[in-house]
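What follows is a set of notes on a single structure, which appears directly below.
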Amino acid sequence: MKNLFGPKVQKMIGLDIGTRFIKAVVLEKSGEQFNLQAFACEPILGNAFAEREIKDFEAVSHALKKMKLALKNKNKLVAIAVSGSTVLNKVVYMDPGQTDHELESQIELEADSLIPYPLSEVYIDFEEINDSLTSNNKVEVLLSAVHKELVDRRITLLGEVGYEAKIVDIESYALGAAISSFYPYETDETVCCINVGASHLQMCAVKNGQVIYTKDHNFGMDALIQDLSVLYSQERSQIEQQLTDGTLPEAWKQDAYPMFLANLQQNINRAIQLYISASKEARPSSLLICGGAGHLTSLPEDLTADLGIDVTFFNPFADMAKAESVNQGELEQVSGQLIIAAGLASRSFQPWHI
């Protein structure tokens, strides 16, 4: 993975290049207190992505330029994230006490059997995630690999608008970073979060500050947006704006919402079952939800009733100090969509390695 970890702490803009919106967050930190300095959320017009890969560079570049103007921040360093079928995470077990250089050499020797792509086509990075020895006297090492094209296209676009990517993270781990940094939870408590994006639903579980499980599922807000577009004979962008503003005709809650809710509940149940099976953890008694679904004000209550789990919106900025320039009303409208960008921005204040 290219520059997944940098050599020292540097303040960066958290920049989430989604398939429908580009989101950015700028944070400061004093002691343990985070301060939101600026944010931006700009739509990407048209269908610029196919399976998480950029197809319309002009549309994404235009949205990036608008986002940069809206953000009004001079910092050129950014942290971005990638996801999709060509992004791979594997926990491998290595001998303890090795240096990064020794681990790198060992991983490269075994990479052919771990990664289903030629090594010349992927960026690879790794991090020791557990200091304690396992039952076979090995340490756990998280190996991440991503197809170079997925990263290089984003870096090229960023360079064209004057940004430099210092960190390329993985979306699900950026979500985990947001939970670890901005959600108060007890030691040994497992926190489960569902991020409802445009076309994907991400399940992430965090325990003791570590991501213990992630998985993407093919379902998202596009299902609702498409139904509403047909129902009201309007463009997707118009529907998205009305959903954000809360100006859709009241009838949509009877005409389109129930079907979306039923499908979302089914997909969340499936995500939870796969999580329980893979992690051997108990069924969660509570669940955080974020993403584009943050516009659906009754969703936590509805899902709580349907799932039998206490569901709440995850808003990382609820108790955070904010700069005077931050528009509170606009922030409330899009806060649920800024989670991954916030997690990426928090990487500025965490140690990392090469």
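Letters for chains follow the order of the structure tokens (A, B, ...), residue numbers begin at 1 for each chain, and ligand numbers begin at 1 in the order shown.
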Show me a table, sorted first by chain and then by increasing residue number, of the residues of range 67-162 of chain A having an atom at most 10 Å from range 213-237 of chain A, each with its shortest atom pair and the distance in Å to one decimal, counting only C-alpha atoms and written as a tab-separated table.
residue	atom	partner	partner_atom	distance
A:Ser83	CA	A:Asp216	CA	8.9
A:Gly84	CA	A:Asp216	CA	8.3
A:Ser85	CA	A:Asp216	CA	9.4
A:Asn89	CA	A:Thr214	CA	9.5
Output for the residues just chosen: all heavy atoms as a CSV table (one decimal), in the first residue's frame:
chain,number,residue,atom,x,y,z
A,83,SER,N,-11.5,1.4,-1.2
A,83,SER,CA,-12.2,0.2,-0.9
A,83,SER,C,-12.6,-0.4,-2.2
A,83,SER,O,-12.4,0.1,-3.3
A,83,SER,CB,-13.5,0.6,-0.1
A,83,SER,OG,-14.4,1.4,-0.9
A,84,GLY,N,-13.2,-1.6,-2.1
A,84,GLY,CA,-13.6,-2.3,-3.3
A,84,GLY,C,-13.0,-3.7,-3.4
A,84,GLY,O,-12.3,-4.2,-2.5
A,85,SER,N,-13.3,-4.4,-4.5
A,85,SER,CA,-13.0,-5.8,-4.6
A,85,SER,C,-11.5,-6.0,-4.7
A,85,SER,O,-11.0,-7.1,-4.5
A,85,SER,CB,-13.7,-6.4,-5.8
A,85,SER,OG,-13.3,-5.8,-7.0
A,89,ASN,N,-7.4,-7.4,2.8
A,89,ASN,CA,-6.9,-7.4,4.1
A,89,ASN,C,-6.8,-8.9,4.6
A,89,ASN,O,-7.8,-9.6,4.5
A,89,ASN,CB,-7.8,-6.6,5.1
A,89,ASN,CG,-7.8,-5.2,4.8
A,89,ASN,OD1,-6.7,-4.6,4.7
A,89,ASN,ND2,-8.9,-4.5,4.7
Could you build a table of the residues in range 155-224 of chain A lying no more than 12 Å from range 114-130 of chain A, giving for each the nearest pair of atoms and their separation in Å rounded to one decimal place, using only C-alpha atoms, ordered by chain and ascending residue number, as CSV?
residue,atom,partner,partner_atom,distance
A:Ile167,CA,A:Asp125,CA,11.7
A:Val168,CA,A:Tyr123,CA,10.4
A:Asp169,CA,A:Asp125,CA,10.2
A:Ile170,CA,A:Asp125,CA,11.2
A:Asn208,CA,A:Asn130,CA,11.1
A:Gly209,CA,A:Ile129,CA,10.5
A:Gln210,CA,A:Ile129,CA,7.8
A:Val211,CA,A:Ile129,CA,9.3
A:Ile212,CA,A:Ile129,CA,10.0
Take the residues from that selection and put them in a file with C-alpha atoms, as a compact mmCIF listing (two decimals), in the first residue's frame.
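So again19.txt came out as:
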# COMPACT_ATOMS: atom_id res chain seq x y z
CA ILE A 167 -1.77 8.55 3.75
CA VAL A 168 -3.78 6.05 1.73
CA ASP A 169 -5.92 4.12 4.18
CA ILE A 170 -8.71 1.57 3.78
CA ASN A 208 -10.06 -2.00 22.61
CA GLY A 209 -9.27 0.51 19.89
CA GLN A 210 -8.68 -2.21 17.28
CA VAL A 211 -10.81 -3.12 14.28
CA ILE A 212 -11.71 -6.77 14.82
(Q) Considering only helix (DSSP H, G or I) as DSSP defines it on the backbone, what residues of range 110-154 of chain A qualify? List them as an MDAnalysis selection string. (A) chainID A and resid 110:114 119:121 148:154
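You can rank A:Ile309, A:Ala198, A:Leu142, A:Leu150 by their closest distance to Ile44 in chain A using only C-alpha atoms, and at the top of that list sits A:Ala198.
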Q: Quick one: pick out all strand (DSSP E or B) residues within range 132-281 of chain A from a backbone DSSP run and write them as an MDAnalysis selection string.
A: chainID A and resid 139:147 164:170 190:196 201:207 210:217
Restricting it to N, CA and C atoms, dump the selection as a CSV table (one decimal), in the first residue's frame.
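Writing done, so here's selection.csv:
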chain,number,residue,atom,x,y,z
A,139,VAL,N,2.9,-13.6,16.4
A,139,VAL,CA,2.2,-12.3,16.5
A,139,VAL,C,1.3,-12.1,15.3
A,140,GLU,N,0.2,-11.3,15.5
A,140,GLU,CA,-0.7,-11.1,14.4
A,140,GLU,C,-0.3,-9.8,13.7
A,141,VAL,N,-0.2,-9.9,12.3
A,141,VAL,CA,0.2,-8.8,11.5
A,141,VAL,C,-0.9,-8.6,10.4
A,142,LEU,N,-1.4,-7.4,10.3
A,142,LEU,CA,-2.4,-7.1,9.3
A,142,LEU,C,-1.7,-6.8,8.0
A,143,LEU,N,-2.0,-7.5,7.0
A,143,LEU,CA,-1.4,-7.3,5.7
A,143,LEU,C,-2.5,-6.7,4.8
A,144,SER,N,-2.2,-5.5,4.2
A,144,SER,CA,-3.1,-4.9,3.3
A,144,SER,C,-2.5,-4.7,1.9
A,145,ALA,N,-3.3,-5.0,0.9
A,145,ALA,CA,-2.8,-4.9,-0.5
A,145,ALA,C,-4.0,-4.3,-1.3
A,146,VAL,N,-3.6,-3.4,-2.3
A,146,VAL,CA,-4.6,-2.8,-3.1
A,146,VAL,C,-4.0,-2.7,-4.5
A,147,HIS,N,-4.8,-2.8,-5.5
A,147,HIS,CA,-4.3,-2.7,-6.9
A,147,HIS,C,-3.8,-1.3,-7.1
A,164,GLU,N,-1.7,16.7,-2.0
A,164,GLU,CA,-0.7,15.6,-1.9
A,164,GLU,C,-1.2,14.5,-0.9
A,165,ALA,N,-1.3,13.3,-1.4
A,165,ALA,CA,-1.8,12.2,-0.5
A,165,ALA,C,-0.6,11.7,0.4
A,166,LYS,N,-0.7,12.0,1.7
A,166,LYS,CA,0.3,11.5,2.6
A,166,LYS,C,0.0,10.1,3.2
A,167,ILE,N,-1.3,9.8,3.3
A,167,ILE,CA,-1.8,8.5,3.8
A,167,ILE,C,-2.8,8.0,2.8
A,168,VAL,N,-2.7,6.8,2.4
A,168,VAL,CA,-3.8,6.0,1.7
A,168,VAL,C,-4.2,4.9,2.6
A,169,ASP,N,-5.4,5.1,3.2
A,169,ASP,CA,-5.9,4.1,4.2
A,169,ASP,C,-7.0,3.2,3.5
A,170,ILE,N,-7.6,2.4,4.3
A,170,ILE,CA,-8.7,1.6,3.8
A,170,ILE,C,-10.0,2.0,4.5
A,190,THR,N,-17.3,-4.2,22.7
A,190,THR,CA,-17.3,-4.2,21.3
A,190,THR,C,-18.3,-3.3,20.7
A,191,VAL,N,-17.9,-2.4,19.9
A,191,VAL,CA,-18.8,-1.4,19.2
A,191,VAL,C,-19.0,-1.8,17.8
A,192,CYS,N,-20.2,-2.0,17.4
A,192,CYS,CA,-20.5,-2.3,16.0
A,192,CYS,C,-21.2,-1.1,15.3
A,193,CYS,N,-20.8,-0.9,14.1
A,193,CYS,CA,-21.3,0.3,13.3
A,193,CYS,C,-21.6,-0.1,11.9
A,194,ILE,N,-22.7,0.4,11.4
A,194,ILE,CA,-23.1,0.2,10.0
A,194,ILE,C,-23.0,1.5,9.3
A,195,ASN,N,-22.2,1.6,8.2
A,195,ASN,CA,-22.1,2.8,7.4
A,195,ASN,C,-22.8,2.5,6.1
A,196,VAL,N,-23.9,3.2,5.9
A,196,VAL,CA,-24.8,3.1,4.7
A,196,VAL,C,-24.3,4.1,3.7
A,201,LEU,N,-22.9,-1.2,1.9
A,201,LEU,CA,-23.1,-1.1,3.4
A,201,LEU,C,-21.9,-1.7,4.0
A,202,GLN,N,-21.2,-0.9,4.9
A,202,GLN,CA,-20.0,-1.4,5.6
A,202,GLN,C,-20.3,-1.8,7.0
A,203,MET,N,-19.9,-3.0,7.4
A,203,MET,CA,-20.1,-3.4,8.8
A,203,MET,C,-18.7,-3.3,9.4
A,204,CYS,N,-18.6,-2.7,10.6
A,204,CYS,CA,-17.3,-2.5,11.2
A,204,CYS,C,-17.4,-2.8,12.7
A,205,ALA,N,-16.6,-3.6,13.3
A,205,ALA,CA,-16.6,-3.8,14.8
A,205,ALA,C,-15.3,-3.4,15.3
A,206,VAL,N,-15.3,-2.7,16.5
A,206,VAL,CA,-14.1,-2.2,17.1
A,206,VAL,C,-14.1,-2.6,18.6
A,207,LYS,N,-12.9,-3.1,19.0
A,207,LYS,CA,-12.8,-3.5,20.4
A,207,LYS,C,-11.4,-3.1,20.9
A,210,GLN,N,-9.1,-1.5,18.5
A,210,GLN,CA,-8.7,-2.2,17.3
A,210,GLN,C,-9.9,-2.7,16.5
A,211,VAL,N,-9.8,-2.6,15.2
A,211,VAL,CA,-10.8,-3.1,14.3
A,211,VAL,C,-10.7,-4.6,14.3
A,212,ILE,N,-11.8,-5.3,14.7
A,212,ILE,CA,-11.7,-6.8,14.8
A,212,ILE,C,-12.5,-7.4,13.7
A,213,TYR,N,-13.3,-6.6,13.0
A,213,TYR,CA,-14.1,-7.2,11.9
A,213,TYR,C,-14.5,-6.1,10.9
A,214,THR,N,-14.4,-6.4,9.6
A,214,THR,CA,-15.0,-5.5,8.6
A,214,THR,C,-15.5,-6.3,7.4
A,215,LYS,N,-16.6,-5.8,6.8
A,215,LYS,CA,-17.1,-6.5,5.6
A,215,LYS,C,-18.0,-5.5,4.9
A,216,ASP,N,-17.9,-5.5,3.6
A,216,ASP,CA,-18.8,-4.7,2.7
A,216,ASP,C,-19.9,-5.5,2.1
A,217,HIS,N,-21.1,-4.9,2.0
A,217,HIS,CA,-22.2,-5.6,1.4
A,217,HIS,C,-22.8,-4.7,0.3
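Using only C-alpha atoms, the shortest contact distance between Gly176 in chain A and any of A:Leu307, A:Leu69, A:Ile340, A:Met12 is found at A:Ile340.
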Q) Hey, what's within 9 Å of range 310-314 of chain A if we count only C-alpha atoms and toss same-chain stuff fewer than 5 positions away? As a count of residues only, please? A) 22
Q. Which residues come within 10 Å of Gly97 in chain A, counting only C-alpha atoms, excluding same-chain residues fewer than 3 positions away, as a PyMOL selection string?
A. chain A and resi 94+100+102-103+131+138-139
Output C-alpha atoms of each residue in that selection to a file, as an mmCIF file, in the first residue's frame.
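Final output, again14.cif:
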data_model
loop_
_atom_site.group_PDB
_atom_site.id
_atom_site.type_symbol
_atom_site.label_atom_id
_atom_site.label_comp_id
_atom_site.auth_asym_id
_atom_site.auth_seq_id
_atom_site.Cartn_x
_atom_site.Cartn_y
_atom_site.Cartn_z
ATOM 1 C CA MET A 94 4.686 -14.007 12.020
ATOM 2 C CA ASP A 100 9.725 -3.821 10.022
ATOM 3 C CA GLU A 102 12.534 -8.255 8.492
ATOM 4 C CA LEU A 103 8.736 -8.492 8.441
ATOM 5 C CA ASP A 131 1.697 -7.336 20.784
ATOM 6 C CA LYS A 138 3.198 -15.947 16.711
ATOM 7 C CA VAL A 139 2.189 -12.272 16.509
#
Q: Can you work out the spacing between CA of Arg347 in chain A and CA of Ala48 in chain A in Å, to one decimal?
A: 27.4 Å
Q: Name all residues at most 12 Å from Glu28 in chain A (count only C-alpha atoms; drop same-chain ones fewer than 6 positions away) and give them as an NGL selection string.
A: :A and (10-14 or 34-38 or 320-323 or 342 or 345-349)
Keeping only N, CA, C and O atoms, write the selected residues as a CSV table (one decimal), in the first residue's frame.
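Generated output (selection.csv):
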chain,number,residue,atom,x,y,z
A,10,GLN,N,1.7,14.5,10.9
A,10,GLN,CA,1.5,15.7,10.2
A,10,GLN,C,0.0,16.0,10.0
A,10,GLN,O,-0.7,15.1,9.8
A,11,LYS,N,-0.4,17.2,10.2
A,11,LYS,CA,-1.8,17.6,10.0
A,11,LYS,C,-2.2,17.4,8.6
A,11,LYS,O,-1.6,17.9,7.7
A,12,MET,N,-3.3,16.7,8.4
A,12,MET,CA,-3.8,16.4,7.1
A,12,MET,C,-5.3,16.6,7.0
A,12,MET,O,-6.0,16.5,8.0
A,13,ILE,N,-5.8,16.9,5.9
A,13,ILE,CA,-7.3,17.0,5.6
A,13,ILE,C,-7.7,15.6,5.4
A,13,ILE,O,-7.2,14.8,4.6
A,14,GLY,N,-8.8,15.2,6.1
A,14,GLY,CA,-9.4,13.9,5.9
A,14,GLY,C,-10.3,14.0,4.7
A,14,GLY,O,-11.3,14.8,4.7
A,34,PHE,N,-10.8,17.3,20.5
A,34,PHE,CA,-10.7,17.6,19.1
A,34,PHE,C,-11.6,18.8,18.8
A,34,PHE,O,-12.5,19.2,19.6
A,35,ASN,N,-11.2,19.6,17.8
A,35,ASN,CA,-11.9,20.8,17.4
A,35,ASN,C,-12.1,20.7,15.9
A,35,ASN,O,-11.1,20.6,15.1
A,36,LEU,N,-13.3,20.8,15.5
A,36,LEU,CA,-13.7,20.8,14.1
A,36,LEU,C,-13.4,22.2,13.5
A,36,LEU,O,-14.0,23.2,13.8
A,37,GLN,N,-12.4,22.3,12.6
A,37,GLN,CA,-12.1,23.6,12.0
A,37,GLN,C,-12.9,23.9,10.7
A,37,GLN,O,-13.2,25.0,10.4
A,38,ALA,N,-13.1,22.8,9.9
A,38,ALA,CA,-13.8,23.0,8.6
A,38,ALA,C,-14.3,21.7,8.1
A,38,ALA,O,-13.8,20.6,8.5
A,320,MET,N,-18.0,17.8,20.1
A,320,MET,CA,-16.8,18.3,19.7
A,320,MET,C,-16.8,19.8,19.6
A,320,MET,O,-17.8,20.4,19.2
A,321,ALA,N,-15.7,20.5,20.0
A,321,ALA,CA,-15.6,21.9,19.9
A,321,ALA,C,-15.6,22.3,18.4
A,321,ALA,O,-15.0,21.5,17.6
A,322,LYS,N,-16.1,23.4,18.0
A,322,LYS,CA,-16.2,23.8,16.6
A,322,LYS,C,-15.7,25.2,16.4
A,322,LYS,O,-16.0,26.1,17.3
A,323,ALA,N,-15.0,25.5,15.3
A,323,ALA,CA,-14.6,26.8,15.0
A,323,ALA,C,-15.8,27.7,14.7
A,323,ALA,O,-16.8,27.2,14.3
A,342,ALA,N,-13.8,12.1,8.8
A,342,ALA,CA,-13.3,12.4,10.2
A,342,ALA,C,-12.3,11.4,10.7
A,342,ALA,O,-11.3,11.7,11.3
A,345,ALA,N,-9.1,12.2,9.0
A,345,ALA,CA,-8.5,13.4,9.6
A,345,ALA,C,-7.8,13.1,11.0
A,345,ALA,O,-6.8,13.7,11.3
A,346,SER,N,-8.4,12.1,11.7
A,346,SER,CA,-7.8,11.8,13.0
A,346,SER,C,-6.5,11.1,12.9
A,346,SER,O,-5.7,11.1,13.9
A,347,ARG,N,-6.2,10.6,11.7
A,347,ARG,CA,-4.8,10.0,11.5
A,347,ARG,C,-3.7,11.0,11.7
A,347,ARG,O,-2.6,10.6,11.9
A,348,SER,N,-4.0,12.3,11.6
A,348,SER,CA,-3.0,13.3,11.8
A,348,SER,C,-2.4,13.2,13.2
A,348,SER,O,-1.3,13.6,13.4
A,349,PHE,N,-3.2,12.7,14.1
A,349,PHE,CA,-2.8,12.8,15.5
A,349,PHE,C,-2.5,11.4,16.1
A,349,PHE,O,-2.4,11.2,17.3
Q: Mind checking which residues fall within 8 Å of Val161 in chain A, counting only C-alpha atoms, ignoring those fewer than 5 positions away in the same chain, and posting them as a PyMOL selection string?
A: chain A and resi 61+64-65
Can I get the selected residues back with all heavy atoms, as a compact mmCIF listing (two decimals), in the first residue's frame?
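As a result, again_34.txt now contains:
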# COMPACT_ATOMS: atom_id res chain seq x y z
N SER A 61 -12.91 15.46 -10.73
CA SER A 61 -12.03 16.63 -10.61
C SER A 61 -12.83 17.89 -10.33
O SER A 61 -12.45 18.72 -9.50
CB SER A 61 -11.22 16.79 -11.90
OG SER A 61 -10.38 17.93 -11.83
N LEU A 64 -13.89 17.85 -6.75
CA LEU A 64 -12.74 18.13 -5.90
C LEU A 64 -12.44 19.63 -5.83
O LEU A 64 -12.16 20.17 -4.76
CB LEU A 64 -11.50 17.38 -6.42
CG LEU A 64 -11.26 15.97 -5.91
CD1 LEU A 64 -10.14 15.31 -6.71
CD2 LEU A 64 -10.92 15.97 -4.42
N LYS A 65 -12.51 20.29 -6.98
CA LYS A 65 -12.24 21.72 -7.02
C LYS A 65 -13.29 22.50 -6.22
O LYS A 65 -12.96 23.44 -5.49
CB LYS A 65 -12.21 22.20 -8.47
CG LYS A 65 -11.00 21.70 -9.25
CD LYS A 65 -11.10 22.04 -10.73
CE LYS A 65 -9.92 21.45 -11.51
NZ LYS A 65 -10.05 21.67 -12.97
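With CA of Phe317 in chain A on one side and CA of Ile272 in chain A on the other, the separation reads 26.2 Å.
For the residues A:Asn47, A:Asn269, A:Ser277, A:Leu15, ranking by smallest atom-to-atom distance to Leu158 in chain A using only C-alpha atoms places A:Leu15 first.
The interatomic distance for the pair CA of Leu71 in chain A and CA of Ala40 in chain A works out to 5.5 Å.
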Q: Find the residues near Leu338 in chain A: any atom within 8 Å, counting only C-alpha atoms, skip ones fewer than 3 places away on the same chain, and give them as a count of residues only.
A: 10
